[in-house]
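Engineer: Right, I'll just put the structure down here and ask away after.
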Amino acid sequence: MSILLDRNTRAIVQGITGRIGSVQTNWMLEYGTRLVAGITPGRGGEIVHGLPVYDDVYEAVEKHGANASVMFVPGVFLRNAVLEAIDAGIKLIVAIPEHVPLHDVLQMKSAAEKKGVWLLGPNTPGIISPGIGKLGIMPGNMFTEGKMGIISRSGTLSYELAGILNEAGLGQSTVIGVGGDPVVGSRMIKILQEFEADPQTEAVIIVGEIGGSSEEEAADFIKEMAKPVIAYIAGRTAPSGRRMGHAGAIISRRGQGTVQGKIKALDMAGALIAKKPSDVAGLLKGCLK
Amino acid sequence: MSILLDRNTRAIVQGITGRIGSVQTNWMLEYGTRLVAGITPGRGGEIVHGLPVYDDVYEAVEKHGANASVMFVPGVFLRNAVLEAIDAGIKLIVAIPEHVPLHDVLQMKSAAEKKGVWLLGPNTPGIISPGIGKLGIMPGNMFTEGKMGIISRSGTLSYELAGILNEAGLGQSTVIGVGGDPVVGSRMIKILQEFEADPQTEAVIIVGEIGGSSEEEAADFIKEMAKPVIAYIAGRTAPSGRRMGHAGAIISRRGQGTVQGKIKALDMAGALIAKKPSDVAGLLKGCLK
Amino acid sequence: MKLLEYQGKKLFAANGIPIPQGKVVTNALEAVEAAEQLGGDIVLKVQVPAEGRGKAGGIKFVDNSFHVHSEAGRLFKMNMEEFSIEKLLVEERLDIVEEIYMGLVVDINTGEIIFLFSPEGGVNIEQIVAGRPEKVYRLPVDPLSLPPVYQLRRFIRRGGFHGKVLEGLTGIAEKLLHLFFAYDLLMAEINPLVILPDNQIVALDAKVEVDDNALSRQKFEKKFWEERDQLEKEARGIGVTYIKLDGSIGVVGSGAGLAMATMDMLEDRGFPPANFLETGGGITEELMYNTLRLVCKNGNVTGVVINIYGGVNPIEKGAKGIVRFIRERGTPPIVVKALGNKQEECWETLREGGITVINSVKTEDAVESLLELIDARKVQAKTSGKGMM
Amino acid sequence: MKLLEYQGKKLFAANGIPIPQGKVVTNALEAVEAAEQLGGDIVLKVQVPAEGRGKAGGIKFVDNSFHVHSEAGRLFKMNMEEFSIEKLLVEERLDIVEEIYMGLVVDINTGEIIFLFSPEGGVNIEQIVAGRPEKVYRLPVDPLSLPPVYQLRRFIRRGGFHGKVLEGLTGIAEKLLHLFFAYDLLMAEINPLVILPDNQIVALDAKVEVDDNALSRQKFEKKFWEERDQLEKEARGIGVTYIKLDGSIGVVGSGAGLAMATMDMLEDRGFPPANFLETGGGITEELMYNTLRLVCKNGNVTGVVINIYGGVNPIEKGAKGIVRFIRERGTPPIVVKALGNKQEECWETLREGGITVINSVKTEDAVESLLELIDARKVQAKTSGKGMM
């Protein structure tokens with residue numbers, strides 16, 4: 001079994017009639033993903049790449065038992081699309097768009113948390129469970145089926161990591177981009193818990209970045225994990241984020257968000273730290289006997 | 001025991017610094033009502049008729065254990081005052097103002113129902129439990145302590161009824177004006193249930209009016225009641241309400257809202273019907289042995 | 001406050017709900033001009049706040065522009081219910097594929113707001129409601145959290161719509177809901193809402209009612225169309241609620257219930273009421289004086305029962321208004337039942353002014369007393385009449 | 001997009017939050033005129049998007065109108081962080097009884113919006129936060145249901161306020177909250193918010209930041225003040241994110257993580273990056289051409305690593321831009337690592353254009369390759385240099 005996206009996933013594509021939505025739908029289908037329908041309000045009744053298009057998510061849920069959705073709607077329309085999917089009972093939402101207004105993200109996140117929905121993104125390449133399917137824009141040929149779980153804040157670095165694992169003969173169970181925005185829908189620690197419980201996954205690679213505190217929070221759970229965790233954190237040489245008035249200082253704990261702080265927290269929690277992505281393969285081989 | 005307003009009631013006056021609020025506070029105090037504080041935002045720290053004035057309801061609840069509130073704020077400010085009282089944990093709200101926008105009433109009613117709060121009014125004279133206290137504008141000298149419960153849609157008719165009962169030697173346990181607006185905060189049937197359970201009350205008088213369906217709904221419970229119910233319905237000669245487009249016809253059940261319909265429903269439920277208010281005394285004497 | 005059709009449509013258009021092209025005119029010549037500007041077939045619609053204008057002949061389809069002048073002229077001479085026709089709406093005529101019903105209304109029994117939608121609208125909506133109620137969909141709306149657009153879309157989909165038409169109807173539903181809340185409406189109804197051959201959707205009618213109690217926070221020009229009678233209009237100016245009736249005894253109550261009970265008793269005694277009048281809680285000397293003047297403008301009034309309570313109302317001040325009215329006019333016979341705070345002061349003022357005061361708690365005593373008084377005056381009038389002859 | 005103080009105050013005033021009287025001026029003479037119009041004591045405040053203007057000497061209290069010209073002149077000659085002073089705000093000086101802190105900010109870790117309030121505000125707010133954190137009150141705000149005014153009043157009452165001042169502060173809190181949501185703000189801070197002797201409350205400063213991603217639905221004039229550098233401004237025009245750094249190797253990544261990883265590796269090899277640059281998902285031939293032009297405008301750049309993936313990005317089109325740039329300029333050395341959809345087409349274009357292509361999955365291979373290329377060119381340059389001597 002993979003996590004989140006598995007053989008029970010019946011996905012829809014919101015924004016299927018758009019240029020990118022249509023192209024990506026084709027690639028997801030070619031990869032073997034079980035897509036059951038597309039949604040575009042006002043385009044109900046059309047057919048795109050053999051999939052029926054409906055005006056709303058409810059109809060796809062009623063007729064096809066859809067339980068996951070990948071979003072290709074423009075950033076400013078994303079909020080309503082996500083809130084509808086949550087209301088319709090969708091349990092995994094992959095929000096691809098970038099440039100989504102922050103207030104919209106906060107609303108989606110709040111709604112998803114209240115209903116226990118997995119919201120990946122916004123600004124994520126998506127999720128891929130090699131051999132099963134992909135909901136997102138990652139090139140499918142960069143991933144191979146296997147036992148490594150990847151959680152990445154960076155889309156492009158997750159591709160790099162997968163490539164390195166492939167060369168080392170280490171395939172992936174599921175690769176998840178949590179999203180590159182300052183605020184994203186799902187917490188890294190929650191995804192780690194899924195990987196820990198997944199029989200297929202033998203080790204987890206975390207690809208982190210400067211900023212935020214998701215890696216520090218994840219460290220709290222890594223302490224308790226049976227499976228090995230390898231972490232790579234990018235951004236040592238990046239300029240630190242600009243301050244948000246006094247308010248930024250008031251709400252943040254000291255030292256949080258720096259690469260050093262993250263590495264320290266992960267190291268102390270027992271994760272192995274990779275200095276560069278290609279080090280991950282060696283570290284993994286060391287700890288998987 | 002009386003109902004809703006009893007010896008445990010610790011009431012506040014919202015809008016105490018207004019002209020009517022101040023005068024009526026004095027009368028309620030003279031009647032012996034246990035008022036613990038007044039509320040006017042922006043006037044915290046003042047004293048009115050010996051009562052401390054606070055800026056918000058929360059403070060009166062924290063400091064005095066207030067659990068009831070009578071409102072003398074202008075109609076367009078009523079909504080926020082009521083929503084605050086509900087949020088602060090007040091359990092009995094007496095909304096005196098008339099000319100309250102209907103949308104505001106709907107919001108208050110919805111909030112009160114969700115939190116199980118008694119909301120009397122808007123457009124009510126209030127509630128009086130003779131001998132204990134009054135939250136409202138009814139003249140105290142028109143009521144005497146006793147065993148009759150009154151539920152009235154009309155403030156002025158409740159005074160008339162009390163006068164008639166007084167002359168017949170029949171005092172009142174509690175007299176409740178539910179409010180004269182088309183939509184009011186509390187359902188007549190719920191108040192009937194309280195009277196039925198109240199050891200002090202021996203019989204209940206319902207003063208109804210043309211329009212709405214609260215009397216018809218009450219009839220459903222009267223069937224099950226052990227205590228006698230006398231009903232007087234005003235408005236046989238009133239012009240029937242104007243129609244609200246087709247929508248009014250679509251949502252209303254046939255014949256609902258007429259005086260005849262109400263009398264028929266009450267009669268069939270076992271209530272005794274008074275043709276005029278003064279008939280109530282005789283009907284009561286007949287059924288109370 | 002009910003808006004006339006053209007006012008409701010103006011509100012619709014300003015909030016993005018499409019309406020037909022049209023113009024309001026006040027005489028037949030203007031109607032001809034408007035019809036020429038619009039070109040093609042047109043419709044003439046009388047602008048009155050009455051129901052069922054179509055069935056009453058107030059809506060005319062004019063195929064030949066040659067007939068606009070005569071048809072408009074005929075409509076301007078009509079009366080509908082009590083209303084004379086002061087304005088016509090001249091509108092383009094549209095090719096209609098489907099007629100739909102959409103409305104928002106408050107269920108006063110439950111305090112719920114209900115969004116109503118039927119894929120079969122038009123003049124026969126009430127038959128549809130009666131015969132095939134399953135064709136009318138109801139969506140209760142919580143006033144504390146409005147339904148988002150996707151729930152509206154799902155709801156309207158139940159009517160069997162898809163694609164562009166569904167999206168158009170959903171957009172209109174969203175706007176109607178916005179209007180309803182933004183403008184404190186009691187009712188907003190579109191019947192019919194029509195689908196054109198190109199899938200455009202247009203509101204052919206508009207029934208909009210604004211909450212009078214919310215006019216202080218709304219920017220509507222305050223025009224009241226509902227009063228069927230000049231006296232009802234005057235009453236609004238005074239600050240009381242007045243409805244004219246067919247009887248002969250004037251009624252003034254400080255509450256609606258008390259006024260209605262008084263009316264019922266008068267009817268039972270064979271003297272039907274001449275009016276319903278409720279002062280509410282704003283009694284002053286001036287208000288009471290004006291109220292009596294208003295009630296007695298009805299020529300049928302042969303006597304007045306005043307039935308008031310002093311809770312917030314200063315009945316002792318109201319008494320002065322009554323005395324002043326009778327001092328100036330002398331007539332008609334008036335009986336006052338006034339109880340509550342400061343009742344003694346009130347009674348003293350009235351008695352000094354020569355007004356009959358009832359200090360019983362029973363309204364029927366006031367009614368009886370007035371009837372006796374009227375009777376006595378008749379006898380007196382007859383007697384003095386005899387004396388003069 | 002951060003607003004300058006005077007822009008933030010304009011927004012405040014338009015939404016009912018009181019601000020001092022004042023005027024924005026662009027030279028010392030205008031400052032004198034403004035001071036005369038205002039009369040009394042005044043304050044001069046430089047308008048730059050830097051923090052800590054007061055401590056850096058950018059805020060001057062002028063008691064004697066005689067000194068306005070010289071003080072303003074001195075301020076206009078200042079530099080604050082990288083910013084030159086183009087505008088001064090000339091404001092009336094107010095008698096202050098109390099200084100308060102009020103702010104709204106997003107906690108990016110939790111996704112919560114936090115309303116912050118401290119009865120002790122002013123320049124020392126950070127010491128207060130550090131030393132007496134119990135004096136700073138935090139109210140989490142659910143973006144799906146804003147707190148009603150009575151909850152704000154209760155919250156602010158914790159600061160020990162009552163009566164008129166409490167009401168004033170509550171009103172400002174309500175308006176700040178409204179602003180925050182209505183204008184898609186990332187931050188809205190008033191420090192200090194001051195109470196005057198007559199209990200009036202005035203915002204003495206305004207720190208407002210608008211979400212760039214929401215500018216399409218907001219009506220702000222799009223002015224970006226944050227870029228500390230001309231190249232950063234140009235980058236925004238091209239549609240990429242660029243931050244200038246101190247090193248010598250240009251970096252272009254199709255994602256922020258990939259760009260940062262590349263920078264980290266360059267640093268580790270002793271060749272610090274000259275910039276951070278992320279293209280995002282909008283690569284075109286033109287964008288890639290302009291991106292390279294931008295990166296190479298930095299005179300320190302001795303080579304460029306391009307590290308891109310084709311997911312939604314058409315890397316085969318980006319390749320054409322790279323080739324065009326090198327064909328025109330010839331320099332500097334560039335290594336491209338490009339993988340993903342249509343990678344073969346991309347490589348072919350690049351190779352035909354004479355560009356070094358890395359088809360390894362490891363970024364360090366691209367870094368090594370570039371460093372070798374730079375080295376080789378140096379040797380070549382030295383050799384050819386020798387030959388010319």
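FYI, nothing fancy with the structure tokens labels: chains A, B, ... in order, residues from 1 per chain, ligands from 1 as they appear.
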Excluding stretch 56-66 of chain A and residues on its chain fewer than 5 positions from it, collect all residues at most 12 Å away from it, counting only C-alpha atoms, and give them as a ChimeraX atom specification.

Structural biologist: /A:8-16,34-45,51,71,80-93 /C:149-158,161-163,166-167,170

Engineer: Would you mind listing what lies within 9 Å of A:Met108 as a VMD selection string, with only C-alpha atoms counted and same-chain residues fewer than 2 positions away left out?

Structural biologist: (chain A and resid 78 to 80 82 to 83 86 103 to 106 110 to 113 119 185) or (chain D and resid 144)

Engineer: For those residues, write N, CA, C and O atoms to a file as a compact mmCIF listing (two decimals), in the first residue's frame.

Structural biologist:
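In the end it all went to again_18.txt:
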# COMPACT_ATOMS: atom_id res chain seq x y z
N LEU A 78 -9.55 29.14 -6.66
CA LEU A 78 -9.23 27.89 -5.96
C LEU A 78 -10.06 27.72 -4.69
O LEU A 78 -10.56 26.63 -4.41
N ARG A 79 -10.21 28.80 -3.93
CA ARG A 79 -10.92 28.67 -2.65
C ARG A 79 -12.28 28.00 -2.80
O ARG A 79 -12.58 27.02 -2.12
N ASN A 80 -13.10 28.53 -3.69
CA ASN A 80 -14.44 27.96 -3.84
C ASN A 80 -14.40 26.52 -4.32
O ASN A 80 -15.20 25.70 -3.89
N VAL A 82 -12.08 24.33 -3.72
CA VAL A 82 -11.66 23.48 -2.60
C VAL A 82 -12.80 23.35 -1.59
O VAL A 82 -13.11 22.25 -1.11
N LEU A 83 -13.44 24.47 -1.26
CA LEU A 83 -14.52 24.41 -0.27
C LEU A 83 -15.66 23.53 -0.77
O LEU A 83 -16.27 22.79 0.00
N ILE A 86 -14.59 19.87 -0.37
CA ILE A 86 -14.68 19.46 1.04
C ILE A 86 -16.14 19.21 1.40
O ILE A 86 -16.49 18.18 2.00
N HIS A 103 -5.28 34.77 2.21
CA HIS A 103 -6.54 34.65 2.96
C HIS A 103 -7.35 33.45 2.48
O HIS A 103 -8.02 32.79 3.26
N ASP A 104 -7.28 33.20 1.17
CA ASP A 104 -8.00 32.05 0.63
C ASP A 104 -7.40 30.75 1.16
O ASP A 104 -8.12 29.81 1.50
N VAL A 105 -6.07 30.72 1.23
CA VAL A 105 -5.40 29.52 1.75
C VAL A 105 -5.83 29.27 3.19
O VAL A 105 -6.13 28.14 3.58
N LEU A 106 -5.89 30.34 3.99
CA LEU A 106 -6.26 30.18 5.39
C LEU A 106 -7.66 29.61 5.52
O LEU A 106 -7.94 28.77 6.37
N SER A 110 -8.50 25.97 7.11
CA SER A 110 -9.40 25.88 8.26
C SER A 110 -10.54 24.89 7.97
O SER A 110 -10.87 24.03 8.79
N ALA A 111 -11.12 25.00 6.78
CA ALA A 111 -12.23 24.11 6.41
C ALA A 111 -11.76 22.66 6.31
O ALA A 111 -12.44 21.74 6.77
N ALA A 112 -10.58 22.45 5.72
CA ALA A 112 -10.07 21.08 5.55
C ALA A 112 -9.79 20.45 6.91
O ALA A 112 -10.11 19.28 7.15
N GLU A 113 -9.20 21.23 7.82
CA GLU A 113 -8.90 20.68 9.15
C GLU A 113 -10.16 20.32 9.90
O GLU A 113 -10.23 19.29 10.57
N LEU A 119 -5.40 18.18 2.46
CA LEU A 119 -5.26 19.23 1.45
C LEU A 119 -3.78 19.41 1.17
O LEU A 119 -3.03 19.87 2.04
N GLY A 185 -1.81 23.40 3.23
CA GLY A 185 -3.01 22.77 3.78
C GLY A 185 -2.78 21.66 4.79
O GLY A 185 -3.60 21.46 5.68
N LEU D 144 -12.78 31.82 8.70
CA LEU D 144 -14.12 31.48 8.20
C LEU D 144 -15.22 32.12 9.05
O LEU D 144 -16.38 32.07 8.68

Engineer: Would you mind listing, as a list in words, all residues of chain B that have at least one atom within 6 Å of chain C, where only C-alpha atoms are what counts?

Structural biologist: His99, Val100, Pro101, Leu106, Gln107, Ile137, Met138, Pro139, Ser154, Thr156, Leu157, Glu160, Gly163, Val183, Gly212, Ser213, Ala234, Gly235 and Thr237 of chain B

Engineer: Using all C-alpha atoms matched in sequence order, least-squares fit chain B onto chain A and give the RMSD rounded to one decimal in Å.

Structural biologist: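 RMSD over all C-alpha atoms: 0.0 Å.
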
Engineer: Work out how far apart atom CA of D:Leu294 and atom CA of D:Ala235 are and give it in Å to one decimal.

Structural biologist: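 Interatomic distance here is 7.3 Å.
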
Engineer: List every residue of stretch 164-260 of chain B that DSSP, applied to the backbone, labels as strand (DSSP E or B), and write the result as an MDAnalysis selection string.

Structural biologist: chainID B and resid 172:177 203:209 229:234

Engineer: Now that the selection is made, can you save its residues with all heavy atoms as a compact mmCIF listing (two decimals), in the first residue's frame?

Structural biologist:
# COMPACT_ATOMS: atom_id res chain seq x y z
N GLN B 172 -51.57 35.45 39.22
CA GLN B 172 -50.79 34.85 38.15
C GLN B 172 -49.44 34.32 38.67
O GLN B 172 -48.82 34.91 39.52
CB GLN B 172 -50.53 35.89 37.04
CG GLN B 172 -51.81 36.47 36.45
CD GLN B 172 -52.27 37.73 37.18
OE1 GLN B 172 -51.45 38.61 37.45
NE2 GLN B 172 -53.55 37.83 37.53
N SER B 173 -49.04 33.18 38.11
CA SER B 173 -47.71 32.64 38.43
C SER B 173 -46.67 33.41 37.61
O SER B 173 -45.77 34.04 38.14
CB SER B 173 -47.65 31.14 38.14
OG SER B 173 -48.06 30.86 36.81
N THR B 174 -46.85 33.37 36.32
CA THR B 174 -45.97 34.13 35.41
C THR B 174 -46.80 34.56 34.20
O THR B 174 -47.66 33.81 33.73
CB THR B 174 -44.79 33.27 34.91
OG1 THR B 174 -44.03 32.83 36.04
CG2 THR B 174 -43.86 34.05 33.99
N VAL B 175 -46.55 35.78 33.74
CA VAL B 175 -47.21 36.29 32.54
C VAL B 175 -46.12 36.61 31.52
O VAL B 175 -45.18 37.36 31.82
CB VAL B 175 -48.03 37.56 32.86
CG1 VAL B 175 -48.70 38.08 31.59
CG2 VAL B 175 -49.05 37.28 33.94
N ILE B 176 -46.25 36.01 30.36
CA ILE B 176 -45.20 36.13 29.34
C ILE B 176 -45.76 36.70 28.06
O ILE B 176 -46.72 36.19 27.49
CB ILE B 176 -44.59 34.74 29.06
CG1 ILE B 176 -43.82 34.26 30.30
CG2 ILE B 176 -43.67 34.78 27.84
CD1 ILE B 176 -43.26 32.87 30.17
N GLY B 177 -45.15 37.79 27.62
CA GLY B 177 -45.44 38.31 26.29
C GLY B 177 -44.43 37.73 25.33
O GLY B 177 -43.23 37.95 25.49
N ALA B 203 -53.39 26.54 35.87
CA ALA B 203 -54.04 26.60 34.56
C ALA B 203 -53.30 27.62 33.71
O ALA B 203 -52.57 28.47 34.23
CB ALA B 203 -55.51 27.01 34.71
N VAL B 204 -53.47 27.51 32.38
CA VAL B 204 -52.75 28.41 31.47
C VAL B 204 -53.74 29.10 30.54
O VAL B 204 -54.67 28.47 30.03
CB VAL B 204 -51.72 27.64 30.63
CG1 VAL B 204 -50.89 28.61 29.79
CG2 VAL B 204 -50.81 26.78 31.50
N ILE B 205 -53.54 30.40 30.38
CA ILE B 205 -54.36 31.16 29.44
C ILE B 205 -53.48 31.55 28.26
O ILE B 205 -52.40 32.11 28.43
CB ILE B 205 -54.94 32.42 30.10
CG1 ILE B 205 -55.84 32.04 31.26
CG2 ILE B 205 -55.72 33.24 29.07
CD1 ILE B 205 -55.21 32.19 32.61
N ILE B 206 -53.97 31.23 27.08
CA ILE B 206 -53.27 31.63 25.86
C ILE B 206 -54.02 32.78 25.23
O ILE B 206 -55.23 32.68 25.00
CB ILE B 206 -53.21 30.47 24.86
CG1 ILE B 206 -52.26 29.39 25.38
CG2 ILE B 206 -52.78 30.95 23.48
CD1 ILE B 206 -52.18 28.18 24.47
N VAL B 207 -53.32 33.88 25.00
CA VAL B 207 -53.93 35.00 24.29
C VAL B 207 -53.29 35.05 22.91
O VAL B 207 -52.11 35.40 22.77
CB VAL B 207 -53.72 36.32 25.04
CG1 VAL B 207 -54.42 37.45 24.30
CG2 VAL B 207 -54.23 36.22 26.47
N GLY B 208 -54.07 34.66 21.92
CA GLY B 208 -53.53 34.59 20.57
C GLY B 208 -54.10 35.67 19.68
O GLY B 208 -54.92 36.48 20.10
N GLU B 209 -53.64 35.65 18.44
CA GLU B 209 -54.07 36.65 17.46
C GLU B 209 -54.13 36.00 16.08
O GLU B 209 -53.49 34.97 15.85
CB GLU B 209 -53.01 37.76 17.34
CG GLU B 209 -53.08 38.85 18.36
CD GLU B 209 -51.93 39.86 18.15
OE1 GLU B 209 -51.28 39.84 17.08
OE2 GLU B 209 -51.71 40.64 19.07
N VAL B 229 -56.36 24.53 29.79
CA VAL B 229 -55.89 25.66 28.98
C VAL B 229 -57.11 26.42 28.46
O VAL B 229 -58.05 25.81 27.94
CB VAL B 229 -55.04 25.17 27.78
CG1 VAL B 229 -54.67 26.33 26.87
CG2 VAL B 229 -53.80 24.45 28.27
N ILE B 230 -57.10 27.73 28.66
CA ILE B 230 -58.15 28.58 28.13
C ILE B 230 -57.51 29.43 27.04
O ILE B 230 -56.40 29.94 27.23
CB ILE B 230 -58.72 29.55 29.21
CG1 ILE B 230 -58.86 28.88 30.56
CG2 ILE B 230 -60.02 30.18 28.73
CD1 ILE B 230 -59.93 27.83 30.65
N ALA B 231 -58.19 29.59 25.94
CA ALA B 231 -57.60 30.37 24.85
C ALA B 231 -58.55 31.46 24.40
O ALA B 231 -59.77 31.24 24.27
CB ALA B 231 -57.26 29.46 23.68
N TYR B 232 -58.00 32.63 24.21
CA TYR B 232 -58.75 33.71 23.57
C TYR B 232 -57.94 34.15 22.35
O TYR B 232 -56.73 34.40 22.45
CB TYR B 232 -58.96 34.89 24.54
CG TYR B 232 -59.45 36.12 23.82
CD1 TYR B 232 -60.76 36.17 23.32
CD2 TYR B 232 -58.61 37.20 23.57
CE1 TYR B 232 -61.20 37.28 22.60
CE2 TYR B 232 -59.03 38.31 22.86
CZ TYR B 232 -60.33 38.34 22.37
OH TYR B 232 -60.77 39.42 21.66
N ILE B 233 -58.61 34.25 21.21
CA ILE B 233 -57.92 34.65 19.98
C ILE B 233 -58.55 35.93 19.45
O ILE B 233 -59.75 35.95 19.13
CB ILE B 233 -58.03 33.57 18.88
CG1 ILE B 233 -57.64 32.19 19.42
CG2 ILE B 233 -57.16 33.95 17.68
CD1 ILE B 233 -56.20 32.01 19.77
N ALA B 234 -57.76 36.98 19.33
CA ALA B 234 -58.28 38.26 18.83
C ALA B 234 -58.11 38.35 17.32
O ALA B 234 -57.22 37.72 16.76
CB ALA B 234 -57.53 39.41 19.51

Engineer: Within 9 Å of C:Gly39, counting only C-alpha atoms, which residues qualify if same-chain residues fewer than 3 places away don't, as a PyMOL selection string?

Structural biologist: chain C and resi 34-36+42+65+92

Engineer: One decimal, Å: what's the distance from atom CA of C:Asp198 over to atom CA of C:Glu98, could you say?

Structural biologist: 11.7 Å
